[in-house]
Amino acid sequence: MKRSLLIGMVVAVCAVGVSSVASANMLATQAFDCKLVKNSSPWNLISGDQYGAGAFTNASGTTARGMCSVPFQDGLYNFQIGTSSGVTSCIMKATSVFGSSSVYFPTSSSGGLWYFNIPLTAGTYSTELECVMPNNSQIYYMGNY
Amino acid sequence: MKQPTIVIAVAVAGSAIAIGAYRLGHRLAPGSVDRSAVAPTADRIEPSDETAQLAETVHKLERRIAALEFAQLSAKVAAPAATAPASHSTPPVDPEEMKQRMLDKTAAVEAALKGEARDDNWAPVAEGQIESAVAAAVKDGAKFSLQTVRCMTSLCEVVLAAASPELLGGAELQLAPQLGELGSMDVQQPVTTPNGGATVAYRMFRKGRPRPDEGI
């Protein structure tokens, strides 16, 4: 038991060290500025959006669209989005300060992880994540690196 | 006894010996602390008061260190504030330059659309995907239709039509799951037609290829 405890402590210390090295230059945020809209036009806001335990949840009772602001850093073009596995599709939308908008499809996705590559200049675009969320599905975090 | 227990016991014993040696050393060498800085009468105090005197000295030193740390921190905070007006005088992004860059990007995309040759292997596949994506969205309840689709080598031009502009917003996410050949798209502002309907034009870009406006 004591040996397990010691091994656990050593592993934890190593994990913290590795994660702090791996997270250099990565900006990761929980889903913090999200809204829920209908999944068909007109895409009106609906109730049932919930935050809890660092996740944004669709608790509307039906499939809906979750939209979250995504912060990003200048010169870092890769994004990783974490969702529950039930989320069926996600895109990233970039809107320039002049109103033009571009939509980016995932470069790859697997088991609730969505990857995007978006070459944008920070400060001149705002970026938003849009996902189709079945009832009770979640968006966990957005990472830019 | 198990090995981890031995290690912990040795560590505890070592700590106890070290603490004992430290306290003994202080009793044997009272002059090791410069008590003149604490109080002129420090040499006359009783041994029983020595611990309290030592604690007082430590507190004084801690307060001095805290004051120095605070002063250092204040200086660091004040430094950027002093230079703030200079940084505000030169914005990181020049709006005019940014606007020009947007126009250049749009021009590069439009030039590719006009001048690019058609890739007869890829274009029909991409066009088929776009047609299927729109058909699937309509089947799922979308209220728009495909008006134009034309693919070249690195991009496609797509126009959707609907009875009103509101019916066109948000169409991208409905189309996305079907568009495996495409990596991104630019969305233009919806245009209202004379009969009250609306259209929206997309420039869709081939996945894995540089966009015509890349690097601008």
# chains A, B, ... in the order shown; residues from 1 in each chain; ligands from 1

call {"tool": "interface_residues", "arguments": {"of": "chain B", "to": "chain A", "cutoff": "9 Å", "atoms": "only C-alpha atoms", "output": "MDAnalysis selection string"}}
result
chainID B and resid 2:5 92:93 98:99 102 140:143 166:174 176:177 179:180 182:189 207:208 214

call {"tool": "closest_residue", "arguments": {"among": "A:Ser69, A:Ala55, A:Tyr77, A:Ser109", "to": "Cys34 in chain A", "atoms": "only C-alpha atoms"}}
result
A:Ser69

call {"tool": "select_by_dssp", "arguments": {"residues": "range 142-211 of chain B", "states": "strand (DSSP E or B)", "output": "PyMOL selection string"}}
result
chain B and resi 144-151+155-162+182-187+191-192+198-206

call {"tool": "closest_residue", "arguments": {"among": "B:Ala108, B:Leu54, B:Phe205, B:Gly128", "to": "Thr153 in chain B", "atoms": "only C-alpha atoms"}}
result
B:Phe205

call {"tool": "atom_distance", "arguments": {"atom1": "CA of Asn58 in chain A", "atom2": "CA of Leu175 in chain B"}}
result
21.4 Å

call {"tool": "residues_around", "arguments": {"residues": "Asn78 in chain A", "least_positions_apart": "3", "cutoff": "12 Å", "atoms": "only C-alpha atoms", "output": "list in words"}}
result
Asn25, Met26, Leu27, Ala28, Val70, Pro71, Phe72, Gln73, Asp74, Gly75, Ile81, Met92, Tyr104, Pro106, Thr107, Ser108, Trp114, Tyr115, Phe116, Asn117, Ile118, Pro119, Leu120, Met142, Gly143, Asn144 and Tyr145 of chain A

call {"tool": "atom_distance", "arguments": {"atom1": "CA of Ala123 in chain B", "atom2": "CA of Ala111 in chain B"}}
result
17.6 Å

call {"tool": "select_by_dssp", "arguments": {"residues": "range 95-159 of chain B", "states": "alpha helix (DSSP H)", "output": "JSON, numbers by chain"}}
result
{"B": [95, 96, 97, 98, 99, 100, 101, 102, 103, 104, 105, 106, 107, 108, 109, 110, 111, 112, 113, 114, 115, 123, 124, 125, 126, 127, 128, 129, 130, 131, 132, 133, 134, 135, 136, 137, 138, 139]}

call {"tool": "closest_residue", "arguments": {"among": "A:Thr83, A:Gln50, A:Ser137, A:Ser60", "to": "Asp33 in chain A", "atoms": "only C-alpha atoms"}}
result
A:Gln50

call {"tool": "atom_distance", "arguments": {"atom1": "CA of Gly115 in chain B", "atom2": "CA of Thr199 in chain B"}}
result
24.0 Å

call {"tool": "closest_residue", "arguments": {"among": "A:Glu128, A:Gly54, A:Tyr140, A:Val37", "to": "Gly66 in chain A", "atoms": "only C-alpha atoms"}}
result
A:Val37

call {"tool": "decode", "arguments": {"residues": "range 84-100 of chain A", "atoms": "all heavy atoms", "output": "compact mmCIF listing (two decimals), in the first residue's frame"}}
result
# COMPACT_ATOMS: atom_id res chain seq x y z
N SER A 84 -17.49 15.73 -25.93
CA SER A 84 -17.89 14.35 -25.66
C SER A 84 -18.05 13.65 -27.01
O SER A 84 -18.22 14.29 -28.06
CB SER A 84 -19.19 14.32 -24.86
OG SER A 84 -20.20 15.01 -25.54
N SER A 85 -18.00 12.33 -26.97
CA SER A 85 -17.93 11.60 -28.24
C SER A 85 -19.23 11.70 -29.05
O SER A 85 -19.23 11.41 -30.25
CB SER A 85 -17.58 10.14 -27.98
OG SER A 85 -18.50 9.60 -27.07
N GLY A 86 -20.33 12.11 -28.41
CA GLY A 86 -21.60 12.20 -29.14
C GLY A 86 -21.69 13.38 -30.09
O GLY A 86 -22.57 13.40 -30.96
N VAL A 87 -20.80 14.35 -29.95
CA VAL A 87 -20.85 15.54 -30.83
C VAL A 87 -20.53 15.09 -32.25
O VAL A 87 -19.52 14.44 -32.50
CB VAL A 87 -19.85 16.62 -30.34
CG1 VAL A 87 -19.71 17.74 -31.36
CG2 VAL A 87 -20.32 17.18 -29.00
N THR A 88 -21.43 15.43 -33.20
CA THR A 88 -21.32 14.83 -34.53
C THR A 88 -20.50 15.63 -35.53
O THR A 88 -19.88 15.06 -36.42
CB THR A 88 -22.73 14.59 -35.11
OG1 THR A 88 -23.45 15.83 -35.04
CG2 THR A 88 -23.46 13.53 -34.34
N SER A 89 -20.51 16.96 -35.42
CA SER A 89 -19.67 17.72 -36.34
C SER A 89 -19.35 19.09 -35.74
O SER A 89 -20.13 19.63 -34.97
CB SER A 89 -20.36 17.90 -37.71
OG SER A 89 -21.52 18.65 -37.58
N CYS A 90 -18.19 19.60 -36.09
CA CYS A 90 -17.74 20.91 -35.60
C CYS A 90 -17.05 21.66 -36.73
O CYS A 90 -16.39 21.06 -37.58
CB CYS A 90 -16.73 20.75 -34.47
SG CYS A 90 -17.40 20.16 -32.91
N ILE A 91 -17.23 22.95 -36.72
CA ILE A 91 -16.48 23.83 -37.62
C ILE A 91 -15.97 25.02 -36.80
O ILE A 91 -16.44 25.25 -35.69
CB ILE A 91 -17.34 24.36 -38.80
CG1 ILE A 91 -18.57 25.11 -38.27
CG2 ILE A 91 -17.73 23.23 -39.73
CD1 ILE A 91 -19.36 25.85 -39.34
N MET A 92 -15.01 25.72 -37.36
CA MET A 92 -14.54 26.96 -36.73
C MET A 92 -14.85 28.10 -37.70
O MET A 92 -14.60 27.98 -38.91
CB MET A 92 -13.04 26.91 -36.48
CG MET A 92 -12.65 25.89 -35.43
SD MET A 92 -12.57 26.59 -33.79
CE MET A 92 -10.96 27.32 -33.85
N LYS A 93 -15.36 29.17 -37.15
CA LYS A 93 -15.70 30.32 -37.98
C LYS A 93 -14.83 31.50 -37.56
O LYS A 93 -14.75 31.80 -36.37
CB LYS A 93 -17.18 30.66 -37.80
CG LYS A 93 -17.72 31.63 -38.81
CD LYS A 93 -19.22 31.82 -38.64
CE LYS A 93 -20.00 30.80 -39.44
NZ LYS A 93 -21.45 31.04 -39.44
N ALA A 94 -14.19 32.13 -38.52
CA ALA A 94 -13.35 33.30 -38.24
C ALA A 94 -13.99 34.51 -38.89
O ALA A 94 -14.27 34.50 -40.09
CB ALA A 94 -11.95 33.09 -38.78
N THR A 95 -14.23 35.54 -38.10
CA THR A 95 -14.83 36.76 -38.63
C THR A 95 -13.83 37.90 -38.50
O THR A 95 -13.31 38.15 -37.40
CB THR A 95 -16.13 37.11 -37.87
OG1 THR A 95 -16.98 35.97 -37.91
CG2 THR A 95 -16.82 38.30 -38.48
N SER A 96 -13.55 38.57 -39.60
CA SER A 96 -12.56 39.64 -39.56
C SER A 96 -13.16 40.92 -39.00
O SER A 96 -14.40 41.05 -38.92
CB SER A 96 -12.00 39.91 -40.96
OG SER A 96 -12.88 40.76 -41.67
N VAL A 97 -12.31 41.85 -38.65
CA VAL A 97 -12.80 43.13 -38.13
C VAL A 97 -13.58 43.90 -39.19
O VAL A 97 -14.31 44.83 -38.88
CB VAL A 97 -11.63 44.01 -37.61
CG1 VAL A 97 -11.03 43.43 -36.37
CG2 VAL A 97 -10.57 44.20 -38.69
N PHE A 98 -13.45 43.49 -40.46
CA PHE A 98 -14.19 44.15 -41.53
C PHE A 98 -15.46 43.39 -41.91
O PHE A 98 -16.13 43.73 -42.88
CB PHE A 98 -13.29 44.34 -42.75
CG PHE A 98 -12.11 45.21 -42.45
CD1 PHE A 98 -10.86 44.66 -42.29
CD2 PHE A 98 -12.27 46.58 -42.29
CE1 PHE A 98 -9.77 45.46 -41.99
CE2 PHE A 98 -11.19 47.38 -41.98
CZ PHE A 98 -9.94 46.83 -41.83
N GLY A 99 -15.75 42.33 -41.17
CA GLY A 99 -17.03 41.65 -41.36
C GLY A 99 -16.99 40.41 -42.24
O GLY A 99 -17.94 39.64 -42.26
N SER A 100 -15.91 40.21 -43.00
CA SER A 100 -15.86 39.01 -43.83
C SER A 100 -15.65 37.79 -42.94
O SER A 100 -15.03 37.89 -41.87
CB SER A 100 -14.73 39.11 -44.85
OG SER A 100 -13.49 39.20 -44.19
